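As provided, entry.tsv (TSV, C-alpha atoms and all ligand atoms) reads as follows.
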```tsv
chain	number	residue	atom	x	y	z
A	4	MET	CA	0.00	0.00	0.00
A	5	PRO	CA	1.40	3.43	-0.86
A	6	SER	CA	2.65	5.41	2.14
A	7	ASP	CA	3.92	8.95	2.74
A	8	THR	CA	1.53	10.19	0.12
A	9	ILE	CA	-0.49	12.84	1.98
A	10	THR	CA	0.89	16.15	3.22
A	11	MET	CA	-0.78	19.31	4.51
A	12	LYS	CA	-0.96	22.20	2.08
A	13	GLY	CA	-2.42	25.17	3.84
A	14	LYS	CA	-5.31	23.61	5.75
A	15	LYS	CA	-5.99	20.91	3.17
A	16	ALA	CA	-4.61	17.37	3.14
A	17	THR	CA	-3.16	16.92	-0.33
A	18	VAL	CA	-1.89	13.84	-2.08
A	19	THR	CA	1.64	14.68	-3.12
A	20	GLY	CA	3.79	11.59	-2.70
A	21	THR	CA	5.26	9.99	-5.77
A	22	GLU	CA	4.06	6.61	-4.51
A	23	SER	CA	0.37	7.52	-4.76
A	24	LEU	CA	-1.72	5.52	-7.21
A	25	ASN	CA	-3.98	8.56	-7.67
A	26	CYS	CA	-6.87	6.21	-7.06
A	27	GLY	CA	-8.87	8.79	-5.08
A	28	HIS	CA	-10.00	6.35	-2.37
A	29	CYS	CA	-8.77	8.67	0.39
A	30	ALA	CA	-10.82	11.56	-1.00
A	31	ALA	CA	-13.86	9.31	-1.53
A	32	VAL	CA	-13.95	8.04	2.05
A	33	CYS	CA	-13.12	11.27	3.86
A	34	PRO	CA	-16.38	12.39	5.57
A	35	ALA	CA	-15.16	15.98	5.81
A	36	ALA	CA	-13.99	16.26	2.17
A	37	ALA	CA	-10.60	17.23	3.60
A	38	VAL	CA	-8.42	15.41	1.08
A	39	GLN	CA	-7.51	16.69	-2.36
A	40	VAL	CA	-6.27	14.37	-5.10
A	41	ALA	CA	-5.07	16.00	-8.29
A	42	GLY	CA	-6.85	13.57	-10.58
A	43	LEU	CA	-6.29	10.40	-12.50
A	44	ASN	CA	-2.73	9.36	-13.08
A	45	PRO	CA	-2.29	10.05	-16.83
A	46	ALA	CA	0.02	7.06	-17.13
A	47	LEU	CA	-2.80	4.81	-15.94
A	48	SER	CA	-5.52	6.37	-18.09
A	49	THR	CA	-3.76	6.42	-21.45
A	50	PHE	CA	-4.48	3.36	-23.55
A	51	LYS	CA	-3.09	2.05	-26.84
A	52	THR	CA	-6.29	0.73	-28.37
A	53	PHE	CA	-8.88	3.32	-27.31
A	54	GLN	CA	-9.19	6.72	-25.76
A	55	ALA	CA	-10.49	7.04	-22.20
A	56	ARG	CA	-11.92	10.03	-20.41
A	57	ASP	CA	-9.23	11.52	-18.22
A	58	ALA	CA	-11.45	12.01	-15.17
A	59	TRP	CA	-13.23	10.11	-12.46
A	60	LEU	CA	-16.93	9.62	-12.80
A	61	PRO	CA	-18.47	11.62	-9.94
A	62	HIS	CA	-20.61	9.62	-7.55
A	63	GLY	CA	-24.21	9.29	-8.65
A	64	GLN	CA	-23.57	10.55	-12.16
A	65	GLY	CA	-23.12	7.26	-14.00
A	66	ASN	CA	-25.59	6.17	-16.67
A	67	ILE	CA	-27.52	3.37	-14.96
A	68	GLN	CA	-29.05	2.05	-18.21
A	69	ASP	CA	-25.61	1.69	-19.85
A	70	LEU	CA	-24.18	0.03	-16.76
A	71	VAL	CA	-27.04	-2.47	-16.50
A	72	GLN	CA	-26.82	-3.22	-20.23
A	73	ILE	CA	-23.09	-3.89	-20.01
A	74	MET	CA	-23.54	-6.12	-16.95
A	75	GLN	CA	-26.43	-8.06	-18.50
A	76	SER	CA	-24.54	-8.51	-21.77
A	77	ARG	CA	-21.53	-10.12	-20.10
A	78	ARG	CA	-20.84	-13.74	-20.92
A	79	SER	CA	-18.39	-16.03	-19.23
A	80	CYS	CA	-17.30	-19.08	-21.17
A	81	ARG	CA	-14.22	-21.13	-21.85
A	82	ASN	CA	-15.36	-22.42	-25.20
A	83	PHE	CA	-13.94	-19.80	-27.50
A	84	HIS	CA	-14.73	-19.95	-31.19
A	85	THR	CA	-11.51	-18.54	-32.50
A	86	GLU	CA	-7.88	-19.54	-32.35
A	87	LYS	CA	-6.86	-16.02	-33.35
A	88	PRO	CA	-4.28	-14.59	-30.93
A	89	VAL	CA	-5.39	-11.55	-28.94
A	90	PRO	CA	-3.24	-8.54	-29.94
A	91	LYS	CA	-0.63	-7.62	-27.32
A	92	ASP	CA	-1.82	-3.98	-27.16
A	93	ILE	CA	-5.35	-5.09	-26.21
A	94	LEU	CA	-4.01	-7.41	-23.51
A	95	GLU	CA	-1.86	-4.65	-22.08
A	96	ASP	CA	-4.78	-2.20	-22.06
A	97	LEU	CA	-6.95	-4.76	-20.28
A	98	VAL	CA	-4.32	-5.23	-17.59
A	99	LYS	CA	-4.04	-1.48	-17.19
A	100	ILE	CA	-7.80	-1.24	-16.63
A	101	GLY	CA	-7.69	-4.17	-14.22
A	102	VAL	CA	-4.98	-2.76	-11.98
A	103	SER	CA	-7.07	0.27	-11.12
A	104	ALA	CA	-9.80	-1.94	-9.60
A	105	PRO	CA	-10.22	-1.81	-5.83
A	106	SER	CA	-8.40	-4.54	-3.94
A	107	GLY	CA	-8.12	-5.73	-0.33
A	108	SER	CA	-6.60	-2.89	1.74
A	109	ASN	CA	-6.12	-1.09	-1.59
A	110	CYS	CA	-2.78	-2.89	-1.92
A	111	GLN	CA	-3.13	-3.48	-5.67
A	112	GLN	CA	-0.62	-6.32	-5.45
A	113	TRP	CA	-1.54	-7.85	-8.78
A	114	THR	CA	0.39	-10.37	-10.79
A	115	PHE	CA	-0.69	-11.06	-14.36
A	116	THR	CA	0.43	-13.72	-16.79
A	117	LEU	CA	-0.44	-12.80	-20.36
A	118	LEU	CA	-1.05	-15.79	-22.60
A	119	PRO	CA	-1.86	-14.40	-26.03
A	120	HIS	CA	-2.86	-17.61	-27.80
A	121	ARG	CA	-4.36	-21.03	-27.17
A	122	ASN	CA	-1.05	-22.91	-27.41
A	123	ALA	CA	0.48	-20.74	-24.69
A	124	VAL	CA	-2.48	-21.54	-22.42
A	125	LEU	CA	-2.15	-25.27	-23.11
A	126	GLU	CA	1.61	-25.16	-22.58
A	127	LEU	CA	1.22	-23.44	-19.21
A	128	ALA	CA	-1.52	-25.93	-18.20
A	129	LYS	CA	0.88	-28.77	-19.06
A	130	LEU	CA	3.68	-27.24	-16.99
A	131	VAL	CA	1.40	-26.64	-13.98
A	132	GLY	CA	-0.03	-30.17	-14.25
A	133	GLY	CA	3.50	-31.63	-14.48
A	134	PHE	CA	4.60	-29.68	-11.44
A	135	PHE	CA	1.77	-31.03	-9.29
A	136	GLU	CA	2.21	-34.59	-10.54
A	137	LYS	CA	5.88	-34.41	-9.54
A	138	LEU	CA	4.94	-32.89	-6.19
A	139	ASN	CA	2.43	-35.69	-5.54
A	140	ARG	CA	5.01	-38.35	-6.42
A	141	THR	CA	7.46	-36.69	-4.02
A	142	ALA	CA	4.84	-36.47	-1.28
A	143	GLU	CA	4.09	-40.21	-1.62
A	144	LYS	CA	7.64	-41.07	-0.46
A	145	THR	CA	7.50	-41.22	3.33
A	146	TRP	CA	11.30	-41.29	3.74
A	147	LEU	CA	11.64	-38.16	1.62
A	148	ARG	CA	8.92	-36.29	3.52
A	149	LYS	CA	10.56	-37.16	6.84
A	150	GLY	CA	14.00	-36.20	5.50
A	151	LEU	CA	12.74	-32.83	4.28
A	152	LYS	CA	11.11	-32.25	7.65
A	153	LEU	CA	14.45	-32.89	9.38
A	154	VAL	CA	16.11	-30.18	7.28
A	155	GLY	CA	13.39	-27.64	8.12
A	156	LYS	CA	11.02	-28.20	5.17
A	157	PRO	CA	7.93	-29.79	6.75
A	158	GLU	CA	5.43	-28.65	4.09
A	159	LEU	CA	4.94	-32.11	2.53
A	160	ASP	CA	4.71	-33.97	5.83
A	161	ILE	CA	1.01	-33.63	6.57
A	201	LIG	S1	-5.83	6.39	-1.29
A	201	LIG	FE1	-5.10	6.45	-3.44
A	201	LIG	S2	-5.00	8.63	-3.98
A	201	LIG	FE2	-5.16	8.51	-1.76
A	201	LIG	S3	-3.02	8.56	-1.06
A	201	LIG	FE3	-3.58	6.41	-1.22
A	201	LIG	S4	-2.96	5.81	-3.28
A	201	LIG	FE4	-2.96	8.04	-3.25
```

Render the structure in this file as structure tokens.
Amino acid sequence: MPSDTITMKGKKATVTGTESLNCGHCAAVCPAAAVQVAGLNPALSTFKTFQARDAWLPHGQGNIQDLVQIMQSRRSCRNFHTEKPVPKDILEDLVKIGVSAPSGSNCQQWTFTLLPHRNAVLELAKLVGGFFEKLNRTAEKTWLRKGLKLVGKPELDI
């Protein structure tokens, strides 16, 4: 979580630290409207594949019909009808949008793995599957589990 981001300017608490995400949460939750945040971080609101509005949407001013239509039009499926790779610029823009989402304690500690085409997804699935198979084989060996426990690695000895 960013720290040392708020200083007093005159009688107003102002977000000045270079570590600030410019997310505006501090201003949004302050009951006395005592915090000023300059605005969206331009680096986080400039996209390669489309242009975004460079401003927060004030509370209560969103278009409810549009929001409901977007939410009701969402589909979640794993059966994609195309093998066409997703362009890198689109993937990077999507990640940029995602990282501005609220997170637990506003830590924003995201990690993303971009897999631009089907083969990359399958390859990763194979590697992950192989890792767990190997781990299971290791965990089946009692002598190995006990040995690892003796050298301070008790994780497999359940
Ligand atoms: S809540 Fe967001 S805008 Fe406010 S100081 Fe923290 S990171 Fe910066």

Original post:
Which residue gives the smallest distance to ligand LIG 201 (chain A) among A:Val102, A:Val89, A:Asn109, A:Thr116, with only C-alpha atoms and all ligand atoms counted?
Top reply: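 Selected residue with least distance to ligand LIG 201 (chain A): A:Asn109.
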
Subject >> All residues having an atom within 7 Å of ligand LIG 201 (chain A) (all atoms listed in the file) as a VMD selection string >> reply: chain A and resid 5 8 to 9 18 23 to 30 40

Original post:
Near range 54-65 of chain A, counting all atoms listed in the file, which residues have an atom at most 12 Å away, once you skip same-chain residues fewer than 5 positions from it, shown as JSON, numbers by chain?
Top reply: {"A": [25, 26, 27, 28, 30, 31, 32, 40, 41, 42, 43, 44, 45, 46, 47, 48, 49, 70, 71, 96, 99, 100, 103]}

Original post:
In terms of the shortest atom-to-atom distance over all atoms listed in the file, which of A:Leu118, A:Thr19, A:Pro90, A:Ala37 is closest to Thr52 in chain A?
Top reply: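 Using all atoms listed in the file, the shortest distance to Thr52 in chain A belongs to A:Pro90.
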
Original post:
Please, what distance in Å, to one decimal, runs between CA of Gly107 in chain A and CA of Thr10 in chain A?
Top reply: 23.9 Å

Subject >> Computed interatomic separation between CA of Asp92 in chain A and CA of Cys80 in chain A (Å) >> reply: 22.4 Å

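Nearest-residue note for Arg140 in chain A: choosing from A:Val154, A:Ala128, A:Met11, A:Leu159, the minimum distance belongs to A:Leu159, counting all atoms listed in the file.
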
Original post:
Which of these residues is nearest to Lys87 in chain A, using all atoms listed in the file: A:His120, A:Ala104, A:Lys14, A:Lys51?
Top reply: A:His120

With all atoms of range 100-111 of chain A from the file as input, state the centre and edge lengths in Å to one decimal of the axis-aligned box that has 5 Å extra on each side, as lines of an AutoDock Vina configuration file.
```
center_x = -6.5
center_y = -2.7
center_z = -7.4
size_x = 17.4
size_y = 16.0
size_z = 28.4
```

**OP:** Give me, please, the distance in Å between CA of Ala36 in chain A and CA of Ala16 in chain A, quoted to one decimal.
**Re:**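 Calculated distance between CA of Ala36 in chain A and CA of Ala16 in chain A is 9.5 Å.
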